file coords-v9.txt (compact mmCIF, N, CA, C and O atoms)
# COMPACT_ATOMS: atom_id res chain seq x y z
N MET Y 842 -4.39 0.71 6.79
CA MET Y 842 -3.63 -0.05 5.79
C MET Y 842 -2.17 -0.14 6.21
O MET Y 842 -1.63 0.79 6.78
N THR Y 843 -1.57 -1.26 5.90
CA THR Y 843 -0.19 -1.53 6.25
C THR Y 843 0.62 -1.73 4.97
O THR Y 843 0.11 -2.28 4.00
N VAL Y 844 1.88 -1.29 4.98
CA VAL Y 844 2.77 -1.51 3.84
C VAL Y 844 3.62 -2.75 4.14
O VAL Y 844 4.36 -2.78 5.13
N HIS Y 845 3.49 -3.76 3.29
CA HIS Y 845 4.23 -5.01 3.43
C HIS Y 845 5.32 -5.06 2.37
O HIS Y 845 5.07 -4.70 1.21
N GLU Y 846 6.51 -5.54 2.76
CA GLU Y 846 7.62 -5.64 1.81
C GLU Y 846 7.91 -7.11 1.51
O GLU Y 846 7.98 -7.93 2.41
N PHE Y 847 8.09 -7.38 0.22
CA PHE Y 847 8.41 -8.73 -0.25
C PHE Y 847 9.62 -8.66 -1.17
O PHE Y 847 9.83 -7.67 -1.85
N LYS Y 848 10.38 -9.74 -1.20
CA LYS Y 848 11.43 -9.93 -2.20
C LYS Y 848 10.91 -11.00 -3.16
O LYS Y 848 10.48 -12.08 -2.72
N VAL Y 849 10.92 -10.68 -4.45
CA VAL Y 849 10.40 -11.60 -5.46
C VAL Y 849 11.43 -11.73 -6.57
O VAL Y 849 11.98 -10.74 -7.03
N GLU Y 850 11.70 -12.96 -6.99
CA GLU Y 850 12.67 -13.21 -8.05
C GLU Y 850 12.07 -12.76 -9.38
O GLU Y 850 11.34 -13.50 -10.03
N MET Y 851 12.35 -11.50 -9.76
CA MET Y 851 11.84 -10.93 -11.01
C MET Y 851 13.03 -10.52 -11.87
O MET Y 851 13.94 -9.86 -11.38
N THR Y 852 13.00 -10.92 -13.14
CA THR Y 852 14.12 -10.61 -14.03
C THR Y 852 13.74 -9.67 -15.16
O THR Y 852 14.61 -9.16 -15.86
N CYS Y 853 12.43 -9.46 -15.36
CA CYS Y 853 12.01 -8.61 -16.48
C CYS Y 853 10.66 -7.97 -16.17
O CYS Y 853 10.03 -8.29 -15.16
N THR Y 854 10.22 -7.10 -17.07
CA THR Y 854 8.94 -6.43 -16.85
C THR Y 854 7.77 -7.41 -16.94
O THR Y 854 6.72 -7.18 -16.36
N GLY Y 855 7.98 -8.52 -17.64
CA GLY Y 855 6.94 -9.55 -17.68
C GLY Y 855 6.72 -10.15 -16.30
O GLY Y 855 5.58 -10.42 -15.89
N CYS Y 856 7.83 -10.35 -15.58
CA CYS Y 856 7.75 -10.88 -14.21
C CYS Y 856 7.02 -9.91 -13.30
O CYS Y 856 6.12 -10.29 -12.55
N SER Y 857 7.43 -8.65 -13.35
CA SER Y 857 6.80 -7.65 -12.48
C SER Y 857 5.33 -7.45 -12.88
O SER Y 857 4.47 -7.24 -12.02
N GLY Y 858 5.05 -7.56 -14.15
CA GLY Y 858 3.67 -7.44 -14.62
C GLY Y 858 2.79 -8.56 -14.08
O GLY Y 858 1.63 -8.35 -13.74
N ALA Y 859 3.36 -9.76 -13.99
CA ALA Y 859 2.62 -10.91 -13.45
C ALA Y 859 2.28 -10.67 -11.98
O ALA Y 859 1.17 -10.98 -11.53
N VAL Y 860 3.22 -10.10 -11.24
CA VAL Y 860 2.99 -9.80 -9.82
C VAL Y 860 1.88 -8.75 -9.69
O VAL Y 860 0.96 -8.89 -8.89
N GLU Y 861 1.97 -7.70 -10.51
CA GLU Y 861 0.94 -6.65 -10.48
C GLU Y 861 -0.44 -7.22 -10.81
O GLU Y 861 -1.44 -6.85 -10.20
N LYS Y 862 -0.48 -8.14 -11.76
CA LYS Y 862 -1.75 -8.71 -12.21
C LYS Y 862 -2.42 -9.52 -11.10
O LYS Y 862 -3.61 -9.33 -10.84
N VAL Y 863 -1.67 -10.41 -10.42
CA VAL Y 863 -2.29 -11.23 -9.37
C VAL Y 863 -2.73 -10.37 -8.19
O VAL Y 863 -3.79 -10.62 -7.60
N LEU Y 864 -1.94 -9.34 -7.87
CA LEU Y 864 -2.33 -8.46 -6.76
C LEU Y 864 -3.51 -7.58 -7.17
O LEU Y 864 -4.37 -7.26 -6.34
N GLY Y 865 -3.57 -7.20 -8.43
CA GLY Y 865 -4.67 -6.39 -8.93
C GLY Y 865 -6.01 -7.11 -8.84
O GLY Y 865 -7.06 -6.47 -8.71
N LYS Y 866 -5.99 -8.44 -8.90
CA LYS Y 866 -7.22 -9.23 -8.80
C LYS Y 866 -7.85 -9.14 -7.41
O LYS Y 866 -8.99 -9.54 -7.22
N LEU Y 867 -7.10 -8.65 -6.43
CA LEU Y 867 -7.62 -8.54 -5.07
C LEU Y 867 -8.52 -7.32 -4.90
O LEU Y 867 -9.14 -7.14 -3.85
N GLY Y 868 -8.56 -6.46 -5.92
CA GLY Y 868 -9.45 -5.31 -5.90
C GLY Y 868 -9.17 -4.34 -4.78
O GLY Y 868 -8.01 -3.95 -4.57
N ASP Y 869 -10.21 -3.98 -4.04
CA ASP Y 869 -10.06 -2.95 -3.00
C ASP Y 869 -9.37 -3.46 -1.73
O ASP Y 869 -9.20 -2.71 -0.79
N ARG Y 870 -8.97 -4.72 -1.72
CA ARG Y 870 -8.21 -5.24 -0.57
C ARG Y 870 -6.76 -4.78 -0.64
O ARG Y 870 -6.02 -4.88 0.32
N VAL Y 871 -6.35 -4.29 -1.82
CA VAL Y 871 -5.00 -3.76 -2.01
C VAL Y 871 -5.13 -2.30 -2.45
O VAL Y 871 -5.78 -2.00 -3.45
N GLU Y 872 -4.50 -1.40 -1.70
CA GLU Y 872 -4.59 0.02 -2.00
C GLU Y 872 -3.53 0.44 -3.02
O GLU Y 872 -3.78 1.22 -3.91
N LYS Y 873 -2.30 -0.11 -2.87
CA LYS Y 873 -1.20 0.31 -3.74
C LYS Y 873 -0.17 -0.81 -3.87
O LYS Y 873 0.09 -1.54 -2.91
N VAL Y 874 0.41 -0.93 -5.06
CA VAL Y 874 1.51 -1.87 -5.32
C VAL Y 874 2.66 -1.07 -5.93
O VAL Y 874 2.47 -0.34 -6.89
N SER Y 875 3.84 -1.20 -5.34
CA SER Y 875 5.03 -0.52 -5.86
C SER Y 875 6.11 -1.58 -6.08
O SER Y 875 6.45 -2.31 -5.16
N ILE Y 876 6.62 -1.65 -7.31
CA ILE Y 876 7.61 -2.68 -7.66
C ILE Y 876 8.91 -2.03 -8.10
O ILE Y 876 8.92 -1.15 -8.95
N ASP Y 877 10.01 -2.49 -7.49
CA ASP Y 877 11.36 -2.07 -7.89
C ASP Y 877 12.02 -3.30 -8.51
O ASP Y 877 12.47 -4.20 -7.80
N LEU Y 878 12.04 -3.34 -9.84
CA LEU Y 878 12.55 -4.50 -10.56
C LEU Y 878 14.04 -4.72 -10.29
O LEU Y 878 14.48 -5.85 -10.09
N ASP Y 879 14.83 -3.65 -10.25
CA ASP Y 879 16.27 -3.78 -10.03
C ASP Y 879 16.58 -4.37 -8.65
O ASP Y 879 17.49 -5.19 -8.50
N ASP Y 880 15.81 -3.96 -7.66
CA ASP Y 880 16.02 -4.41 -6.27
C ASP Y 880 15.23 -5.67 -5.95
O ASP Y 880 15.36 -6.24 -4.87
N LYS Y 881 14.36 -6.09 -6.91
CA LYS Y 881 13.49 -7.26 -6.73
C LYS Y 881 12.60 -7.12 -5.49
O LYS Y 881 12.34 -8.08 -4.77
N THR Y 882 12.12 -5.89 -5.26
CA THR Y 882 11.30 -5.58 -4.10
C THR Y 882 9.88 -5.23 -4.54
O THR Y 882 9.69 -4.52 -5.52
N VAL Y 883 8.92 -5.75 -3.79
CA VAL Y 883 7.52 -5.42 -4.01
C VAL Y 883 6.96 -4.88 -2.70
O VAL Y 883 7.06 -5.53 -1.67
N LEU Y 884 6.41 -3.66 -2.76
CA LEU Y 884 5.74 -3.06 -1.60
C LEU Y 884 4.24 -3.08 -1.87
O LEU Y 884 3.80 -2.62 -2.92
N VAL Y 885 3.49 -3.63 -0.92
CA VAL Y 885 2.04 -3.74 -1.07
C VAL Y 885 1.36 -3.05 0.10
O VAL Y 885 1.61 -3.41 1.25
N THR Y 886 0.53 -2.07 -0.19
CA THR Y 886 -0.27 -1.40 0.84
C THR Y 886 -1.62 -2.09 0.87
O THR Y 886 -2.37 -2.05 -0.12
N SER Y 887 -1.92 -2.75 1.99
CA SER Y 887 -3.13 -3.57 2.06
C SER Y 887 -3.56 -3.78 3.51
O SER Y 887 -2.74 -3.65 4.43
N ASN Y 888 -4.83 -4.16 3.68
CA ASN Y 888 -5.29 -4.55 5.01
C ASN Y 888 -5.20 -6.07 5.19
O ASN Y 888 -5.61 -6.60 6.21
N MET Y 889 -4.67 -6.77 4.19
CA MET Y 889 -4.46 -8.21 4.30
C MET Y 889 -3.16 -8.48 5.06
O MET Y 889 -2.30 -7.61 5.16
N SER Y 890 -3.01 -9.71 5.55
CA SER Y 890 -1.78 -10.06 6.25
C SER Y 890 -0.66 -10.32 5.25
O SER Y 890 -0.91 -10.62 4.08
N GLY Y 891 0.58 -10.22 5.72
CA GLY Y 891 1.73 -10.51 4.87
C GLY Y 891 1.69 -11.93 4.34
O GLY Y 891 2.04 -12.19 3.19
N GLU Y 892 1.24 -12.87 5.18
CA GLU Y 892 1.17 -14.28 4.78
C GLU Y 892 0.15 -14.47 3.65
O GLU Y 892 0.40 -15.21 2.69
N GLU Y 893 -0.99 -13.79 3.76
CA GLU Y 893 -2.02 -13.89 2.71
C GLU Y 893 -1.49 -13.33 1.40
O GLU Y 893 -1.67 -13.93 0.34
N LEU Y 894 -0.83 -12.18 1.48
CA LEU Y 894 -0.28 -11.55 0.27
C LEU Y 894 0.82 -12.40 -0.35
O LEU Y 894 0.90 -12.52 -1.58
N LEU Y 895 1.65 -13.02 0.48
CA LEU Y 895 2.72 -13.87 -0.03
C LEU Y 895 2.14 -15.04 -0.83
O LEU Y 895 2.66 -15.38 -1.90
N GLU Y 896 1.07 -15.64 -0.33
CA GLU Y 896 0.44 -16.75 -1.06
C GLU Y 896 -0.06 -16.29 -2.43
O GLU Y 896 0.06 -17.02 -3.40
N VAL Y 897 -0.60 -15.07 -2.49
CA VAL Y 897 -1.07 -14.52 -3.77
C VAL Y 897 0.11 -14.30 -4.71
O VAL Y 897 0.07 -14.69 -5.89
N ILE Y 898 1.19 -13.70 -4.21
CA ILE Y 898 2.37 -13.43 -5.04
C ILE Y 898 2.97 -14.73 -5.55
O ILE Y 898 3.40 -14.83 -6.70
N LYS Y 899 2.97 -15.78 -4.74
CA LYS Y 899 3.54 -17.08 -5.14
C LYS Y 899 2.76 -17.73 -6.28
O LYS Y 899 3.28 -18.61 -6.96
N LYS Y 900 1.53 -17.28 -6.53
CA LYS Y 900 0.74 -17.82 -7.64
C LYS Y 900 1.39 -17.50 -8.98
O LYS Y 900 1.05 -18.11 -9.99
N THR Y 901 2.32 -16.54 -8.99
CA THR Y 901 3.03 -16.20 -10.24
C THR Y 901 4.05 -17.28 -10.59
O THR Y 901 4.56 -17.31 -11.70
N GLY Y 902 4.37 -18.16 -9.64
CA GLY Y 902 5.39 -19.17 -9.86
C GLY Y 902 6.79 -18.67 -9.57
O GLY Y 902 7.76 -19.40 -9.70
N LYS Y 903 6.89 -17.41 -9.16
CA LYS Y 903 8.20 -16.81 -8.85
C LYS Y 903 8.56 -17.08 -7.38
O LYS Y 903 7.70 -16.96 -6.51
N PRO Y 904 9.82 -17.41 -7.11
CA PRO Y 904 10.24 -17.54 -5.71
C PRO Y 904 10.07 -16.19 -5.01
O PRO Y 904 10.45 -15.16 -5.55
N ALA Y 905 9.46 -16.21 -3.83
CA ALA Y 905 9.20 -14.97 -3.11
C ALA Y 905 9.26 -15.22 -1.61
O ALA Y 905 9.00 -16.33 -1.15
N TYR Y 906 9.62 -14.19 -0.87
CA TYR Y 906 9.53 -14.29 0.58
C TYR Y 906 9.13 -12.95 1.17
O TYR Y 906 9.31 -11.89 0.57
N TYR Y 907 8.55 -13.03 2.35
CA TYR Y 907 8.04 -11.86 3.06
C TYR Y 907 9.16 -11.26 3.89
O TYR Y 907 9.76 -11.95 4.71
N VAL Y 908 9.46 -9.98 3.66
CA VAL Y 908 10.50 -9.29 4.42
C VAL Y 908 9.93 -8.78 5.74
O VAL Y 908 10.50 -8.96 6.80
N GLY Y 909 8.76 -8.14 5.66
CA GLY Y 909 8.11 -7.63 6.87
C GLY Y 909 7.36 -6.35 6.60
O GLY Y 909 7.20 -5.93 5.45
N VAL Y 910 6.91 -5.73 7.68
CA VAL Y 910 6.15 -4.49 7.57
C VAL Y 910 7.13 -3.33 7.40
O VAL Y 910 8.12 -3.22 8.12
N LYS Y 911 6.85 -2.49 6.42
CA LYS Y 911 7.69 -1.33 6.14
C LYS Y 911 7.13 -0.15 6.92
O LYS Y 911 5.96 0.19 6.81
N GLU Y 912 7.97 0.45 7.73
CA GLU Y 912 7.52 1.59 8.55
C GLU Y 912 7.62 2.90 7.78
O GLU Y 912 8.50 3.13 7.02
call {"tool": "encode", "arguments": {"input": "coords-v9.txt", "output": "structure tokens"}}
result
Amino acid sequence: MTVHEFKVEMTCTGCSGAVEKVLGKLGDRVEKVSIDLDDKTVLVTSNMSGEELLEVIKKTGKPAYYVGVKE
């Protein structure tokens, strides 16, 4: 599993909840989701590619971009 970092335009817990919900629908393809609302950072531990995860996060309608793999 790889930890991918994303920046997502989130302003409230409703925003972060929407991100958690769409990633949660991926089931066992995602091991862990960690969201820092103040920093607008989303860390996703998954065997999916960053590009695949970014497309899922964008389904929330929030502007988002892929930062890269977190070591």
call {"tool": "select_by_dssp", "arguments": {"input": "coords-v9.txt", "residues": "chain Y", "states": "strand (DSSP E)", "output": "list in words"}}
result
Thr843, Val844, His845, Glu846, Phe847, Lys848, Val849, Val871, Glu872, Lys873, Val874, Ser875, Ile876, Asp877, Thr882, Val883, Leu884, Val885, Thr886, Ser887, Ala905, Tyr906, Tyr907, Val908, Gly909 and Val910 of chain Y
call {"tool": "closest_atom_pairs", "arguments": {"input": "coords-v9.txt", "of": "region 862-887 of chain Y", "to": "region 892-901 of chain Y", "cutoff": "10 Å", "atoms": "only C-alpha atoms", "output": "Markdown table"}}
result
| residue | atom | partner | partner_atom | distance |
| --- | --- | --- | --- | --- |
| Y:Lys862 | CA | Y:Thr901 | CA | 9.1 |
| Y:Val863 | CA | Y:Val897 | CA | 6.6 |
| Y:Leu864 | CA | Y:Val897 | CA | 6.9 |
| Y:Lys866 | CA | Y:Val897 | CA | 9.5 |
| Y:Leu867 | CA | Y:Val897 | CA | 9.0 |
| Y:Val871 | CA | Y:Leu894 | CA | 9.4 |
| Y:Val883 | CA | Y:Ile898 | CA | 9.6 |
| Y:Val885 | CA | Y:Leu894 | CA | 8.3 |
| Y:Ser887 | CA | Y:Leu894 | CA | 8.7 |
call {"tool": "atom_distance", "arguments": {"input": "coords-v9.txt", "atom1": "CA of Thr852 (chain Y)", "atom2": "CA of Val874 (chain Y)"}}
result
17.6 Å
call {"tool": "residues_around", "arguments": {"input": "coords-v9.txt", "residues": "Ala905 (chain Y)", "least_positions_apart": "3", "cutoff": "6 Å", "atoms": "only N, CA, C and O atoms", "output": "list in words"}}
result
Lys848, Val849 and Glu850 of chain Y
call {"tool": "closest_residue", "arguments": {"input": "coords-v9.txt", "among": "Y:Glu872, Y:Gly909, Y:Gly902, Y:Lys881", "to": "Met851 (chain Y)", "atoms": "only N, CA, C and O atoms"}}
result
Y:Lys881
call {"tool": "residues_around", "arguments": {"input": "coords-v9.txt", "residues": "Lys911 (chain Y)", "least_positions_apart": "2", "cutoff": "6 Å", "atoms": "all atoms listed in the file", "output": "ChimeraX atom specification"}}
result
/Y:843-846,909
call {"tool": "atom_distance", "arguments": {"input": "coords-v9.txt", "atom1": "atom C of Gly858 (chain Y)", "atom2": "atom C of Ile876 (chain Y)"}}
result
10.8 Å
call {"tool": "closest_residue", "arguments": {"input": "coords-v9.txt", "among": "Y:Lys873, Y:Val908, Y:Met842, Y:Gly855", "to": "Met889 (chain Y)", "atoms": "all atoms listed in the file"}}
result
Y:Met842
call {"tool": "atom_distance", "arguments": {"input": "coords-v9.txt", "atom1": "CA of Cys853 (chain Y)", "atom2": "CA of Gly891 (chain Y)"}}
result
23.8 Å
call {"tool": "select_by_dssp", "arguments": {"input": "coords-v9.txt", "residues": "chain Y", "states": "alpha helix (DSSP H)", "output": "tab-separated table (two decimals) with N, CA, C and O atoms, in the coordinates of the input"}}
result
chain	number	residue	atom	x	y	z
Y	854	THR	N	10.22	-7.10	-17.07
Y	854	THR	CA	8.94	-6.43	-16.85
Y	854	THR	C	7.77	-7.41	-16.94
Y	854	THR	O	6.72	-7.18	-16.36
Y	855	GLY	N	7.98	-8.52	-17.64
Y	855	GLY	CA	6.94	-9.55	-17.68
Y	855	GLY	C	6.72	-10.15	-16.30
Y	855	GLY	O	5.58	-10.42	-15.89
Y	856	CYS	N	7.83	-10.35	-15.58
Y	856	CYS	CA	7.75	-10.88	-14.21
Y	856	CYS	C	7.02	-9.91	-13.30
Y	856	CYS	O	6.12	-10.29	-12.55
Y	857	SER	N	7.43	-8.65	-13.35
Y	857	SER	CA	6.80	-7.65	-12.48
Y	857	SER	C	5.33	-7.45	-12.88
Y	857	SER	O	4.47	-7.24	-12.02
Y	858	GLY	N	5.05	-7.56	-14.15
Y	858	GLY	CA	3.67	-7.44	-14.62
Y	858	GLY	C	2.79	-8.56	-14.08
Y	858	GLY	O	1.63	-8.35	-13.74
Y	859	ALA	N	3.36	-9.76	-13.99
Y	859	ALA	CA	2.62	-10.91	-13.45
Y	859	ALA	C	2.28	-10.67	-11.98
Y	859	ALA	O	1.17	-10.98	-11.53
Y	860	VAL	N	3.22	-10.10	-11.24
Y	860	VAL	CA	2.99	-9.80	-9.82
Y	860	VAL	C	1.88	-8.75	-9.69
Y	860	VAL	O	0.96	-8.89	-8.89
Y	861	GLU	N	1.97	-7.70	-10.51
Y	861	GLU	CA	0.94	-6.65	-10.48
Y	861	GLU	C	-0.44	-7.22	-10.81
Y	861	GLU	O	-1.44	-6.85	-10.20
Y	862	LYS	N	-0.48	-8.14	-11.76
Y	862	LYS	CA	-1.75	-8.71	-12.21
Y	862	LYS	C	-2.42	-9.52	-11.10
Y	862	LYS	O	-3.61	-9.33	-10.84
Y	863	VAL	N	-1.67	-10.41	-10.42
Y	863	VAL	CA	-2.29	-11.23	-9.37
Y	863	VAL	C	-2.73	-10.37	-8.19
Y	863	VAL	O	-3.79	-10.62	-7.60
Y	864	LEU	N	-1.94	-9.34	-7.87
Y	864	LEU	CA	-2.33	-8.46	-6.76
Y	864	LEU	C	-3.51	-7.58	-7.17
Y	864	LEU	O	-4.37	-7.26	-6.34
Y	865	GLY	N	-3.57	-7.20	-8.43
Y	865	GLY	CA	-4.67	-6.39	-8.93
Y	865	GLY	C	-6.01	-7.11	-8.84
Y	865	GLY	O	-7.06	-6.47	-8.71
Y	891	GLY	N	0.58	-10.22	5.72
Y	891	GLY	CA	1.73	-10.51	4.87
Y	891	GLY	C	1.69	-11.93	4.34
Y	891	GLY	O	2.04	-12.19	3.19
Y	892	GLU	N	1.24	-12.87	5.18
Y	892	GLU	CA	1.17	-14.28	4.78
Y	892	GLU	C	0.15	-14.47	3.65
Y	892	GLU	O	0.40	-15.21	2.69
Y	893	GLU	N	-0.99	-13.79	3.76
Y	893	GLU	CA	-2.02	-13.89	2.71
Y	893	GLU	C	-1.49	-13.33	1.40
Y	893	GLU	O	-1.67	-13.93	0.34
Y	894	LEU	N	-0.83	-12.18	1.48
Y	894	LEU	CA	-0.28	-11.55	0.27
Y	894	LEU	C	0.82	-12.40	-0.35
Y	894	LEU	O	0.90	-12.52	-1.58
Y	895	LEU	N	1.65	-13.02	0.48
Y	895	LEU	CA	2.72	-13.87	-0.03
Y	895	LEU	C	2.14	-15.04	-0.83
Y	895	LEU	O	2.66	-15.38	-1.90
Y	896	GLU	N	1.07	-15.64	-0.33
Y	896	GLU	CA	0.44	-16.75	-1.06
Y	896	GLU	C	-0.06	-16.29	-2.43
Y	896	GLU	O	0.06	-17.02	-3.40
Y	897	VAL	N	-0.60	-15.07	-2.49
Y	897	VAL	CA	-1.07	-14.52	-3.77
Y	897	VAL	C	0.11	-14.30	-4.71
Y	897	VAL	O	0.07	-14.69	-5.89
Y	898	ILE	N	1.19	-13.70	-4.21
Y	898	ILE	CA	2.37	-13.43	-5.04
Y	898	ILE	C	2.97	-14.73	-5.55
Y	898	ILE	O	3.40	-14.83	-6.70
Y	899	LYS	N	2.97	-15.78	-4.74
Y	899	LYS	CA	3.54	-17.08	-5.14
Y	899	LYS	C	2.76	-17.73	-6.28
Y	899	LYS	O	3.28	-18.61	-6.96
call {"tool": "decode", "arguments": {"input": "coords-v9.txt", "residues": "region 886-907 of chain Y", "atoms": "N, CA and C atoms", "output": "CSV table (one decimal), in the first residue's frame"}}
result
chain,number,residue,atom,x,y,z
Y,886,THR,N,-4.2,5.9,2.0
Y,886,THR,CA,-3.4,4.7,2.0
Y,886,THR,C,-4.1,3.7,1.1
Y,887,SER,N,-3.6,3.4,-0.1
Y,887,SER,CA,-4.3,2.6,-1.1
Y,887,SER,C,-3.4,2.0,-2.0
Y,888,ASN,N,-3.8,0.9,-2.7
Y,888,ASN,CA,-3.1,0.3,-3.8
Y,888,ASN,C,-3.5,0.9,-5.1
Y,889,MET,N,-4.4,1.8,-5.1
Y,889,MET,CA,-4.8,2.5,-6.4
Y,889,MET,C,-3.8,3.6,-6.7
Y,890,SER,N,-3.8,4.0,-8.0
Y,890,SER,CA,-2.9,5.1,-8.4
Y,890,SER,C,-3.4,6.4,-7.9
Y,891,GLY,N,-2.5,7.4,-7.8
Y,891,GLY,CA,-2.8,8.8,-7.4
Y,891,GLY,C,-3.9,9.4,-8.3
Y,892,GLU,N,-3.7,9.1,-9.6
Y,892,GLU,CA,-4.6,9.6,-10.6
Y,892,GLU,C,-6.0,9.0,-10.4
Y,893,GLU,N,-6.1,7.7,-10.1
Y,893,GLU,CA,-7.4,7.1,-9.9
Y,893,GLU,C,-8.1,7.7,-8.7
Y,894,LEU,N,-7.3,7.9,-7.6
Y,894,LEU,CA,-7.9,8.4,-6.4
Y,894,LEU,C,-8.3,9.9,-6.6
Y,895,LEU,N,-7.5,10.7,-7.4
Y,895,LEU,CA,-7.9,12.0,-7.6
Y,895,LEU,C,-9.2,12.1,-8.3
Y,896,GLU,N,-9.5,11.3,-9.3
Y,896,GLU,CA,-10.8,11.3,-10.0
Y,896,GLU,C,-11.9,11.0,-9.0
Y,897,VAL,N,-11.7,10.1,-8.1
Y,897,VAL,CA,-12.7,9.8,-7.1
Y,897,VAL,C,-13.0,11.0,-6.2
Y,898,ILE,N,-11.9,11.6,-5.7
Y,898,ILE,CA,-12.0,12.8,-4.8
Y,898,ILE,C,-12.7,13.9,-5.6
Y,899,LYS,N,-12.5,14.1,-6.9
Y,899,LYS,CA,-13.1,15.2,-7.7
Y,899,LYS,C,-14.6,15.0,-7.8
Y,900,LYS,N,-15.1,13.8,-7.5
Y,900,LYS,CA,-16.6,13.5,-7.6
Y,900,LYS,C,-17.3,14.3,-6.5
Y,901,THR,N,-16.6,14.8,-5.5
Y,901,THR,CA,-17.2,15.7,-4.5
Y,901,THR,C,-17.5,17.1,-5.0
Y,902,GLY,N,-17.0,17.4,-6.2
Y,902,GLY,CA,-17.2,18.8,-6.7
Y,902,GLY,C,-16.2,19.8,-6.2
Y,903,LYS,N,-15.3,19.3,-5.3
Y,903,LYS,CA,-14.3,20.2,-4.7
Y,903,LYS,C,-13.1,20.3,-5.6
Y,904,PRO,N,-12.5,21.5,-5.7
Y,904,PRO,CA,-11.2,21.5,-6.4
Y,904,PRO,C,-10.2,20.7,-5.7
Y,905,ALA,N,-9.4,19.9,-6.4
Y,905,ALA,CA,-8.4,19.0,-5.7
Y,905,ALA,C,-7.2,18.8,-6.7
Y,906,TYR,N,-6.1,18.6,-6.1
Y,906,TYR,CA,-4.9,18.2,-6.9
Y,906,TYR,C,-4.1,17.2,-6.2
Y,907,TYR,N,-3.3,16.4,-6.9
Y,907,TYR,CA,-2.5,15.4,-6.4
Y,907,TYR,C,-1.1,16.0,-6.1
